>>> print(open('my_file_28.pdb').read())   # PDB, C-alpha atoms and all ligand atoms
ATOM      1  CA  MET A   5     -34.951-126.644 -48.186
ATOM      2  CA  THR A   6     -35.409-122.867 -48.336
ATOM      3  CA  SER A   7     -33.663-120.359 -50.584
ATOM      4  CA  GLN A   8     -30.229-121.796 -51.459
ATOM      5  CA  HIS A   9     -27.783-119.433 -53.149
ATOM      6  CA  PRO A  10     -28.079-120.032 -56.936
ATOM      7  CA  HIS A  11     -24.300-120.156 -57.470
ATOM      8  CA  LEU A  12     -23.667-123.142 -55.217
ATOM      9  CA  PRO A  13     -22.546-126.079 -57.366
ATOM     10  CA  LEU A  14     -25.407-128.477 -56.540
ATOM     11  CA  PRO A  15     -29.096-127.812 -55.780
ATOM     12  CA  ASP A  16     -28.780-129.577 -52.400
ATOM     13  CA  TYR A  17     -25.127-128.602 -51.872
ATOM     14  CA  PHE A  18     -25.137-128.289 -48.061
ATOM     15  CA  SER A  19     -27.213-131.469 -47.521
ATOM     16  CA  LYS A  20     -24.650-133.449 -49.518
ATOM     17  CA  PHE A  21     -21.840-131.720 -47.633
ATOM     18  CA  ALA A  22     -23.225-132.306 -44.103
ATOM     19  CA  SER A  23     -21.824-135.753 -43.309
ATOM     20  CA  ASN A  24     -18.209-134.977 -44.208
ATOM     21  CA  TYR A  25     -18.185-131.204 -43.675
ATOM     22  CA  VAL A  26     -15.504-130.989 -40.984
ATOM     23  CA  ARG A  27     -13.063-133.231 -42.846
ATOM     24  CA  GLN A  28     -13.572-131.613 -46.234
ATOM     25  CA  THR A  29     -13.156-128.066 -44.902
ATOM     26  CA  GLY A  30      -9.788-129.160 -43.476
ATOM     27  CA  ASN A  31     -11.103-127.715 -40.164
ATOM     28  CA  ALA A  32     -10.492-124.247 -41.621
ATOM     29  CA  THR A  33     -13.725-122.600 -40.414
ATOM     30  CA  PHE A  34     -13.362-124.221 -36.978
ATOM     31  CA  ASN A  35      -9.713-123.257 -36.497
ATOM     32  CA  ILE A  36     -10.221-119.634 -37.518
ATOM     33  CA  LEU A  37     -13.223-119.292 -35.193
ATOM     34  CA  VAL A  38     -11.261-120.813 -32.301
ATOM     35  CA  GLU A  39      -8.623-118.114 -32.839
ATOM     36  CA  VAL A  40     -11.275-115.365 -33.072
ATOM     37  CA  ILE A  41     -12.872-116.500 -29.803
ATOM     38  CA  THR A  42      -9.519-116.586 -28.010
ATOM     39  CA  GLU A  43      -7.913-113.462 -29.423
ATOM     40  CA  ASN A  44     -10.861-111.181 -30.142
ATOM     41  CA  VAL A  45     -14.023-112.216 -28.279
ATOM     42  CA  GLN A  46     -12.584-113.205 -24.901
ATOM     43  CA  THR A  47     -10.362-110.104 -24.837
ATOM     44  CA  SER A  48     -13.264-107.771 -25.745
ATOM     45  CA  ALA A  49     -15.651-105.873 -23.469
ATOM     46  CA  ASN A  50     -18.133-108.733 -24.123
ATOM     47  CA  PRO A  51     -16.397-112.050 -23.453
ATOM     48  CA  ILE A  52     -18.524-115.217 -23.474
ATOM     49  CA  GLY A  53     -19.149-116.445 -19.927
ATOM     50  CA  LYS A  54     -21.530-118.527 -17.853
ATOM     51  CA  ASP A  55     -24.331-115.935 -18.083
ATOM     52  CA  SER A  56     -24.126-115.665 -21.872
ATOM     53  CA  VAL A  57     -26.883-116.657 -24.283
ATOM     54  CA  VAL A  58     -25.263-117.446 -27.634
ATOM     55  CA  HIS A  59     -26.665-118.022 -31.124
ATOM     56  CA  ASP A  60     -24.564-119.751 -33.780
ATOM     57  CA  THR A  61     -26.551-119.077 -36.942
ATOM     58  CA  ALA A  62     -25.972-120.920 -40.247
ATOM     59  CA  ALA A  63     -23.858-123.087 -38.001
ATOM     60  CA  GLY A  64     -23.278-126.051 -40.324
ATOM     61  CA  PRO A  65     -22.663-129.095 -38.101
ATOM     62  CA  GLY A  66     -22.312-126.935 -34.950
ATOM     63  CA  ILE A  67     -18.933-125.336 -35.621
ATOM     64  CA  GLY A  68     -19.490-122.344 -33.281
ATOM     65  CA  ALA A  69     -20.527-124.496 -30.341
ATOM     66  CA  ALA A  70     -17.580-126.837 -30.972
ATOM     67  CA  ALA A  71     -15.176-123.873 -31.033
ATOM     68  CA  ILE A  72     -16.618-122.481 -27.773
ATOM     69  CA  VAL A  73     -16.305-125.858 -26.072
ATOM     70  CA  ALA A  74     -12.747-126.277 -27.403
ATOM     71  CA  ARG A  75     -11.637-122.873 -26.155
ATOM     72  CA  LEU A  76     -13.478-122.031 -22.931
ATOM     73  CA  PRO A  77     -13.044-123.641 -19.516
ATOM     74  CA  SER A  78     -16.249-125.402 -18.455
ATOM     75  CA  SER A  79     -16.900-122.693 -15.834
ATOM     76  CA  ASP A  80     -17.221-120.132 -18.671
ATOM     77  CA  LEU A  81     -19.500-122.102 -20.986
ATOM     78  CA  PRO A  82     -22.639-120.103 -21.885
ATOM     79  CA  LYS A  83     -25.776-121.039 -19.936
ATOM     80  CA  GLU A  84     -27.804-121.239 -23.152
ATOM     81  CA  MET A  85     -26.872-121.831 -26.772
ATOM     82  CA  LEU A  86     -28.946-121.987 -29.946
ATOM     83  CA  VAL A  87     -27.326-123.730 -32.926
ATOM     84  CA  SER A  88     -29.284-123.208 -36.143
ATOM     85  CA  ASP A  89     -29.029-123.899 -39.859
ATOM     86  CA  ASN A  90     -31.634-124.092 -42.617
ATOM     87  CA  VAL A  91     -30.398-127.506 -43.838
ATOM     88  CA  ALA A  92     -31.915-130.400 -41.886
ATOM     89  CA  MET A  93     -28.855-132.636 -42.316
ATOM     90  CA  MET A  94     -26.558-129.948 -40.910
ATOM     91  CA  VAL A  95     -28.848-129.588 -37.892
ATOM     92  CA  SER A  96     -28.836-133.385 -37.297
ATOM     93  CA  ALA A  97     -25.045-133.461 -37.627
ATOM     94  CA  ALA A  98     -24.812-130.616 -35.070
ATOM     95  CA  ARG A  99     -27.171-132.432 -32.704
ATOM     96  CA  GLU A 100     -25.123-135.634 -32.965
ATOM     97  CA  SER A 101     -21.815-133.889 -32.417
ATOM     98  CA  LEU A 102     -23.097-131.892 -29.411
ATOM     99  CA  ILE A 103     -25.113-134.583 -27.671
ATOM    100  CA  ALA A 104     -22.339-135.335 -25.200
ATOM    101  CA  SER A 105     -20.951-131.806 -25.016
ATOM    102  CA  PRO A 106     -20.453-130.097 -21.644
ATOM    103  CA  LEU A 107     -22.668-127.147 -22.694
ATOM    104  CA  PRO A 108     -25.298-126.639 -19.976
ATOM    105  CA  HIS A 109     -28.159-126.139 -22.456
ATOM    106  CA  VAL A 110     -27.969-126.363 -26.246
ATOM    107  CA  ASP A 111     -30.825-126.396 -28.762
ATOM    108  CA  CYS A 112     -30.235-127.383 -32.400
ATOM    109  CA  LYS A 113     -32.939-126.066 -34.743
ATOM    110  CA  GLU A 114     -33.693-125.770 -38.438
ATOM    111  CA  LEU A 115     -34.049-122.009 -38.943
ATOM    112  CA  ASP A 116     -33.495-119.492 -41.722
ATOM    113  CA  SER A 117     -30.882-116.947 -40.554
ATOM    114  CA  GLN A 118     -32.614-114.332 -42.691
ATOM    115  CA  ASP A 119     -35.915-114.622 -40.812
ATOM    116  CA  LEU A 120     -35.913-115.701 -37.186
ATOM    117  CA  SER A 121     -39.067-113.728 -36.338
ATOM    118  CA  SER A 122     -41.255-116.707 -35.444
ATOM    119  CA  SER A 123     -38.592-118.329 -33.218
ATOM    120  CA  VAL A 124     -36.492-115.669 -31.523
ATOM    121  CA  PRO A 125     -37.730-112.505 -29.743
ATOM    122  CA  ASP A 126     -35.975-109.130 -29.956
ATOM    123  CA  ASN A 127     -33.011-108.429 -27.638
ATOM    124  CA  TYR A 128     -32.465-112.086 -26.691
ATOM    125  CA  PHE A 129     -28.822-113.079 -27.262
ATOM    126  CA  THR A 130     -25.641-111.739 -25.694
ATOM    127  CA  HIS A 131     -23.613-113.090 -28.658
ATOM    128  CA  SER A 132     -24.456-113.891 -32.265
ATOM    129  CA  ILE A 133     -21.965-115.893 -34.341
ATOM    130  CA  ASN A 134     -22.195-116.105 -38.119
ATOM    131  CA  ASN A 135     -19.081-117.998 -39.247
ATOM    132  CA  PHE A 136     -18.249-118.162 -42.986
ATOM    133  CA  SER A 137     -21.876-118.239 -44.130
ATOM    134  CA  ILE A 138     -22.767-114.694 -45.166
ATOM    135  CA  PHE A 139     -21.741-115.260 -48.813
ATOM    136  CA  THR A 140     -24.124-118.228 -49.062
ATOM    137  CA  PHE A 141     -27.205-116.166 -48.141
ATOM    138  CA  VAL A 142     -29.575-114.932 -50.799
ATOM    139  CA  ARG A 143     -30.272-111.916 -48.534
ATOM    140  CA  PRO A 144     -27.147-111.199 -46.461
ATOM    141  CA  ILE A 145     -28.567-107.904 -45.158
ATOM    142  CA  GLY A 146     -31.670-109.783 -43.978
ATOM    143  CA  ALA A 147     -29.440-112.135 -41.970
ATOM    144  CA  LEU A 148     -27.448-109.355 -40.280
ATOM    145  CA  ARG A 149     -30.664-107.425 -39.570
ATOM    146  CA  GLU A 150     -31.869-110.511 -37.716
ATOM    147  CA  ALA A 151     -28.555-110.718 -35.848
ATOM    148  CA  TYR A 152     -29.022-107.070 -34.837
ATOM    149  CA  ARG A 153     -32.665-107.497 -33.841
ATOM    150  CA  THR A 154     -32.078-110.602 -31.740
ATOM    151  CA  LEU A 155     -29.006-109.228 -29.894
ATOM    152  CA  ARG A 156     -29.457-107.461 -26.561
ATOM    153  CA  PRO A 157     -28.221-103.869 -26.409
ATOM    154  CA  GLY A 158     -24.492-104.206 -25.719
ATOM    155  CA  GLY A 159     -24.460-107.692 -27.278
ATOM    156  CA  LEU A 160     -21.706-108.771 -29.671
ATOM    157  CA  ALA A 161     -22.037-110.040 -33.249
ATOM    158  CA  VAL A 162     -19.151-112.004 -34.782
ATOM    159  CA  VAL A 163     -19.320-112.340 -38.561
ATOM    160  CA  THR A 164     -16.564-113.882 -40.656
ATOM    161  CA  CYS A 165     -16.089-114.196 -44.405
ATOM    162  CA  TRP A 166     -13.300-115.208 -46.758
ATOM    163  CA  ARG A 167     -10.754-112.829 -48.171
ATOM    164  CA  ARG A 168      -8.904-115.701 -49.848
ATOM    165  CA  PHE A 169     -10.788-119.001 -50.084
ATOM    166  CA  ALA A 170      -7.901-121.297 -50.989
ATOM    167  CA  PRO A 171      -9.937-124.112 -52.624
ATOM    168  CA  MET A 172     -11.265-121.694 -55.223
ATOM    169  CA  PHE A 173      -7.718-120.690 -56.286
ATOM    170  CA  ILE A 174      -6.634-124.334 -56.389
ATOM    171  CA  VAL A 175      -9.682-125.437 -58.383
ATOM    172  CA  HIS A 176      -9.141-122.622 -60.865
ATOM    173  CA  ALA A 177      -5.487-123.661 -61.262
ATOM    174  CA  ALA A 178      -6.638-127.260 -61.858
ATOM    175  CA  GLN A 179      -9.182-126.116 -64.455
ATOM    176  CA  LYS A 180      -6.546-124.092 -66.328
ATOM    177  CA  LYS A 181      -4.318-127.183 -66.644
ATOM    178  CA  ILE A 182      -7.044-129.220 -68.385
ATOM    179  CA  ARG A 183      -9.396-126.821 -70.195
ATOM    180  CA  PRO A 184      -8.101-123.239 -70.074
ATOM    181  CA  ASP A 185     -10.687-122.309 -72.704
ATOM    182  CA  LEU A 186     -13.681-122.992 -70.414
ATOM    183  CA  PRO A 187     -15.030-120.513 -67.829
ATOM    184  CA  LEU A 188     -13.619-120.722 -64.298
ATOM    185  CA  MET A 189     -15.968-122.077 -61.644
ATOM    186  CA  PRO A 190     -18.034-119.251 -60.119
ATOM    187  CA  THR A 191     -18.063-118.571 -56.400
ATOM    188  CA  PRO A 192     -21.205-117.429 -54.563
ATOM    189  CA  SER A 193     -21.310-113.678 -53.763
ATOM    190  CA  PRO A 194     -17.689-112.880 -54.788
ATOM    191  CA  GLU A 195     -18.193-109.244 -53.690
ATOM    192  CA  PHE A 196     -17.559-110.388 -50.102
ATOM    193  CA  TYR A 197     -13.883-111.071 -50.949
ATOM    194  CA  LYS A 198     -13.412-107.307 -51.340
ATOM    195  CA  GLU A 199     -12.356-105.170 -48.404
ATOM    196  CA  GLY A 200     -15.169-103.057 -46.905
ATOM    197  CA  VAL A 201     -18.126-105.040 -48.259
ATOM    198  CA  LEU A 202     -18.842-106.999 -45.064
ATOM    199  CA  GLN A 203     -18.620-103.821 -43.010
ATOM    200  CA  ASN A 204     -21.025-101.980 -45.354
ATOM    201  CA  VAL A 205     -23.529-104.831 -45.118
ATOM    202  CA  ALA A 206     -23.328-104.692 -41.304
ATOM    203  CA  GLU A 207     -23.892-100.929 -41.319
ATOM    204  CA  GLU A 208     -26.869-101.283 -43.663
ATOM    205  CA  SER A 209     -28.244-103.902 -41.278
ATOM    206  CA  GLY A 210     -28.336-101.546 -38.293
ATOM    207  CA  PHE A 211     -24.876-101.738 -36.668
ATOM    208  CA  ALA A 212     -23.313 -98.303 -36.098
ATOM    209  CA  LYS A 213     -19.979 -97.653 -37.833
ATOM    210  CA  GLU A 214     -18.299 -96.687 -34.540
ATOM    211  CA  ASP A 215     -19.358 -99.985 -32.940
ATOM    212  CA  ILE A 216     -17.717-102.133 -35.619
ATOM    213  CA  THR A 217     -14.156-103.498 -35.466
ATOM    214  CA  MET A 218     -12.561-105.336 -38.398
ATOM    215  CA  VAL A 219      -9.737-107.856 -37.949
ATOM    216  CA  ASP A 220      -7.886-109.973 -40.544
ATOM    217  CA  LYS A 221      -6.907-113.596 -39.988
ATOM    218  CA  VAL A 222      -4.581-115.905 -41.930
ATOM    219  CA  LEU A 223      -4.604-119.684 -41.608
ATOM    220  CA  VAL A 224      -1.999-121.763 -43.437
ATOM    221  CA  ILE A 225      -2.994-125.401 -43.344
ATOM    222  CA  THR A 226      -0.029-127.766 -43.202
ATOM    223  CA  GLU A 227      -1.395-130.928 -41.530
ATOM    224  CA  ASP A 228      -1.548-133.889 -43.948
ATOM    225  CA  GLU A 229      -4.989-134.928 -42.705
ATOM    226  CA  ASN A 230      -6.515-131.464 -43.278
ATOM    227  CA  ILE A 231      -4.867-131.156 -46.705
ATOM    228  CA  ALA A 232      -6.227-134.607 -47.608
ATOM    229  CA  GLY A 233      -9.745-133.484 -46.561
ATOM    230  CA  LEU A 234      -9.544-130.343 -48.686
ATOM    231  CA  THR A 235      -8.171-132.353 -51.627
ATOM    232  CA  MET A 236     -11.161-134.688 -51.318
ATOM    233  CA  LEU A 237     -13.536-131.698 -51.396
ATOM    234  CA  MET A 238     -11.935-130.320 -54.554
ATOM    235  CA  SER A 239     -11.750-133.706 -56.283
ATOM    236  CA  GLY A 240     -15.359-134.700 -55.738
ATOM    237  CA  PRO A 241     -18.959-133.753 -56.580
ATOM    238  CA  MET A 242     -18.948-130.535 -54.514
ATOM    239  CA  MET A 243     -16.795-128.996 -57.252
ATOM    240  CA  SER A 244     -18.612-130.594 -60.185
ATOM    241  CA  LYS A 245     -19.245-127.178 -61.793
ATOM    242  CA  ALA A 246     -15.501-126.913 -62.432
ATOM    243  CA  ARG A 247     -15.769-129.900 -64.811
ATOM    244  CA  GLU A 248     -18.788-128.777 -66.793
ATOM    245  CA  GLY A 249     -18.205-129.491 -70.489
ATOM    246  CA  TYR A 250     -15.435-132.049 -69.814
ATOM    247  CA  THR A 251     -15.084-135.234 -71.847
ATOM    248  CA  GLU A 252     -14.710-138.536 -69.981
ATOM    249  CA  GLU A 253     -10.969-138.448 -70.609
ATOM    250  CA  GLU A 254     -10.720-134.926 -69.165
ATOM    251  CA  GLU A 255     -12.770-135.952 -66.097
ATOM    252  CA  LEU A 256     -10.240-138.747 -65.474
ATOM    253  CA  ARG A 257      -7.424-136.198 -65.343
ATOM    254  CA  TRP A 258      -9.209-134.022 -62.723
ATOM    255  CA  ILE A 259      -7.907-135.626 -59.516
ATOM    256  CA  ASP A 260      -4.279-135.468 -60.664
ATOM    257  CA  SER A 261      -4.738-131.874 -61.744
ATOM    258  CA  VAL A 262      -6.136-130.963 -58.294
ATOM    259  CA  ARG A 263      -3.256-132.798 -56.569
ATOM    260  CA  GLN A 264      -0.700-130.957 -58.690
ATOM    261  CA  SER A 265      -2.405-127.618 -57.973
ATOM    262  CA  VAL A 266      -2.411-128.356 -54.213
ATOM    263  CA  LYS A 267       1.317-129.091 -54.492
ATOM    264  CA  GLU A 268       1.901-125.744 -56.198
ATOM    265  CA  GLU A 269      -0.162-123.918 -53.533
ATOM    266  CA  ILE A 270       1.983-125.506 -50.806
ATOM    267  CA  GLU A 271       5.207-124.604 -52.648
ATOM    268  CA  GLN A 272       4.034-120.995 -52.908
ATOM    269  CA  PHE A 273       2.635-120.469 -49.388
ATOM    270  CA  GLY A 274       4.147-123.222 -47.227
ATOM    271  CA  GLY A 275       0.655-124.755 -46.913
ATOM    272  CA  VAL A 276      -2.910-124.120 -48.054
ATOM    273  CA  ARG A 277      -3.489-120.437 -47.341
ATOM    274  CA  PHE A 278      -6.836-119.085 -46.185
ATOM    275  CA  GLU A 279      -7.379-115.398 -45.392
ATOM    276  CA  ALA A 280     -10.447-114.087 -43.598
ATOM    277  CA  TYR A 281     -12.199-110.870 -42.615
ATOM    278  CA  VAL A 282     -13.613-110.860 -39.101
ATOM    279  CA  LEU A 283     -16.248-108.330 -38.103
ATOM    280  CA  LEU A 284     -16.982-107.706 -34.435
ATOM    281  CA  ALA A 285     -19.958-105.411 -33.908
ATOM    282  CA  THR A 286     -21.658-104.307 -30.721
ATOM    283  CA  LYS A 287     -25.353-103.449 -30.724
TER     284      LYS A 287
HETATM  285  C1  LIG A 301     -19.883-122.562 -45.491
HETATM  286  S1  LIG A 301     -21.039-123.195 -44.354
HETATM  287  C2  LIG A 301     -20.457-122.535 -42.788
HETATM  288  C3  LIG A 301     -20.894-123.394 -41.647
HETATM  289  C4  LIG A 301     -20.340-123.051 -40.272
HETATM  290  N1  LIG A 301     -20.847-121.775 -39.787
HETATM  291  C5  LIG A 301     -18.842-123.078 -40.192
HETATM  292  O1  LIG A 301     -18.296-122.251 -39.463
HETATM  293  O2  LIG A 301     -18.220-123.921 -40.819
HETATM  294  C6  LIG A 301     -22.486-122.278 -44.679
HETATM  295  C7  LIG A 301     -23.707-122.774 -43.900
HETATM  296  O3  LIG A 301     -24.762-121.820 -44.058
HETATM  297  C8  LIG A 301     -25.991-122.526 -44.130
HETATM  298  N2  LIG A 301     -26.994-121.625 -44.716
HETATM  299  C9  LIG A 301     -27.027-121.119 -45.968
HETATM  300  N3  LIG A 301     -28.098-120.305 -46.110
HETATM  301  C10 LIG A 301     -28.737-120.302 -44.901
HETATM  302  C11 LIG A 301     -29.905-119.646 -44.407
HETATM  303  N4  LIG A 301     -30.632-118.837 -45.197
HETATM  304  N5  LIG A 301     -30.281-119.871 -43.133
HETATM  305  C12 LIG A 301     -29.556-120.699 -42.330
HETATM  306  N6  LIG A 301     -28.448-121.342 -42.739
HETATM  307  C13 LIG A 301     -28.042-121.145 -44.016
HETATM  308  C14 LIG A 301     -25.643-123.746 -44.946
HETATM  309  O4  LIG A 301     -26.582-124.773 -44.810
HETATM  310  C15 LIG A 301     -24.269-124.114 -44.374
HETATM  311  O5  LIG A 301     -24.396-124.999 -43.297
END
>>> encode(input="my_file_28.pdb", output="structure tokens", more="lines below")
Ligand SMILES: C[S@@+](CC[C@H](N)C(=O)[O-])C[C@H]1O[C@@H](n2cnc3c(N)ncnc32)[C@H](O)[C@@H]1O
Amino acid sequence: MTSQHPHLPLPDYFSKFASNYVRQTGNATFNILVEVITENVQTSANPIGKDSVVHDTAAGPGIGAAAIVARLPSSDLPKEMLVSDNVAMMVSAARESLIASPLPHVDCKELDSQDLSSSVPDNYFTHSINNFSIFTFVRPIGALREAYRTLRPGGLAVVTCWRRFAPMFIVHAAQKKIRPDLPLMPTPSPEFYKEGVLQNVAEESGFAKEDITMVDKVLVITEDENIAGLTMLMSGPMMSKAREGYTEEEELRWIDSVRQSVKEEIEQFGGVRFEAYVLLATK
């Protein structure tokens, strides 16, 4: 696998994550993108339609394509769609989930979002989606430069990142209950949580300030099934860095500490609260 962000908890983090990604994200990335497509893309000057050519880059198991299929009537599905990720298991999961989809033409490929030069010509796509991945790139500007290069003039880029990534708050609360003396688990590229950073990266990548719109989204997860999926994510190996330095006895207390911290999050916010920045930029 190429260039994984050094602050992800495991060396093959996204390969391990691929098979249970949708469940363990509590559908958060999917549900926010569905709302963005409905409220921001389809109401824009560049809605997705039957003549569109769409790239979902760093797509995980095909979340962008799934959101488009969930939201658009079949008469508006894009004529061509590229779903790409640099982790082979994510690409296979996308292929499996889209095999029976009503999309007229979808290709699932293993590609590095930061360098698409050997696979995608300039000015190709009408839409480029980059959903909750920018903070996992080693070179985020490289990825948005490629989004800019591969979009047609007038094409629309949709880039989302977290403003509040709920699992990180919950995991930190769980850590503080067991070993408050140890460092809190790091998060990759925390600068992206700050207002303005995503927009600056887009401007440095070629998008003009006046062609960028920023929108905020909030998703409060209340469904038992989605909360159970998120709890599984936080209890298991994907968050192993949170337990570094733990004794066996402390490890055994982890799941209960996560459950208690989830309960406190729900008491405070009425559910598990995610907040996101959404950038819509026209080339
Ligand atoms: C948090 S997931 C988001 C997945 C999906 N877009 C979604 O909406 O849920 C981040 C994804 O970015 C992928 N990724 C990380 N670095 C990448 C790169 N350089 N090129 C392509 N994909 C990359 C990971 O493999 C993972 O599937």
>>> resolve_selection(input="my_file_28.pdb", expression="the PyMOL selection byres (((chain A and resi 155-169) around 9) and not hetatm)", output="count of residues only")
46
>>> residues_near_ligand(input="my_file_28.pdb", ligand="ligand LIG 301 (chain A)", cutoff="8 Å", atoms="only C-alpha atoms and all ligand atoms", output="PyMOL selection string")
chain A and resi 6-9+18-19+22+25-26+29+32-34+37+60-68+88-91+94+114-118+134-138+140-143+147
>>> residues_near_point(input="my_file_28.pdb", point="(-26.8, -103.2, -48.7)", cutoff="9 Å", atoms="all atoms listed in the file", output="list in words")
Pro144, Ile145, Val201, Asn204, Val205, Ala206, Glu207, Glu208 and Ser209 of chain A
>>> write_last_selection(input="my_file_28.pdb", atoms="C-alpha atoms", output="CSV table (one decimal), keeping the file's coordinate frame")
chain,number,residue,atom,x,y,z
A,144,PRO,CA,-27.1,-111.2,-46.5
A,145,ILE,CA,-28.6,-107.9,-45.2
A,201,VAL,CA,-18.1,-105.0,-48.3
A,204,ASN,CA,-21.0,-102.0,-45.4
A,205,VAL,CA,-23.5,-104.8,-45.1
A,206,ALA,CA,-23.3,-104.7,-41.3
A,207,GLU,CA,-23.9,-100.9,-41.3
A,208,GLU,CA,-26.9,-101.3,-43.7
A,209,SER,CA,-28.2,-103.9,-41.3
>>> atom_distance(input="my_file_28.pdb", atom1="CA of Asn230 in chain A", atom2="CA of Asp260 in chain A")
18.0 Å
>>> atom_distance(input="my_file_28.pdb", atom1="CA of Met189 in chain A", atom2="CA of His176 in chain A")
6.9 Å
>>> resolve_selection(input="my_file_28.pdb", expression="the PyMOL selection byres (((chain A and resi 74) around 12) and not hetatm)", output="ChimeraX atom specification")
/A:34-35,37-39,41-42,67-73,75-78,80-81,102,105-107
>>> atom_distance(input="my_file_28.pdb", atom1="CA of Gly249 in chain A", atom2="CA of Pro187 in chain A")
9.9 Å
>>> resolve_selection(input="my_file_28.pdb", expression="the PyMOL selection byres (((chain A and resi 180) around 12) and not hetatm)", output="number ranges by chain")
A: 173-179, 181-189, 246-247, 254, 258, 261-262, 264-265
>>> closest_residue(input="my_file_28.pdb", among="A:Ser121, A:Arg149, A:Pro108, A:Lys267", to="Thr226 in chain A", atoms="only C-alpha atoms")
A:Lys267
>>> residues_near_point(input="my_file_28.pdb", point="(-5.3, -136.4, -43.4)", cutoff="12 Å", atoms="all atoms listed in the file", output="list of chain:residue names")
A:Val26, A:Arg27, A:Gln28, A:Thr29, A:Gly30, A:Asn31, A:Ile225, A:Thr226, A:Glu227, A:Asp228, A:Glu229, A:Asn230, A:Ile231, A:Ala232, A:Gly233, A:Leu234, A:Thr235, A:Met236
>>> axis_aligned_box(input="my_file_28.pdb", around="range 188-206 of chain A", padding_each_side="6 Å", output="lines of an AutoDock Vina configuration file")
center_x = -17.9
center_y = -112.0
center_z = -52.8
size_x = 23.2
size_y = 32.1
size_z = 35.0
>>> residues_around(input="my_file_28.pdb", residues="His109 in chain A", least_positions_apart="5", cutoff="10 Å", atoms="all atoms listed in the file", output="PyMOL selection string")
chain A and resi 57+81-86
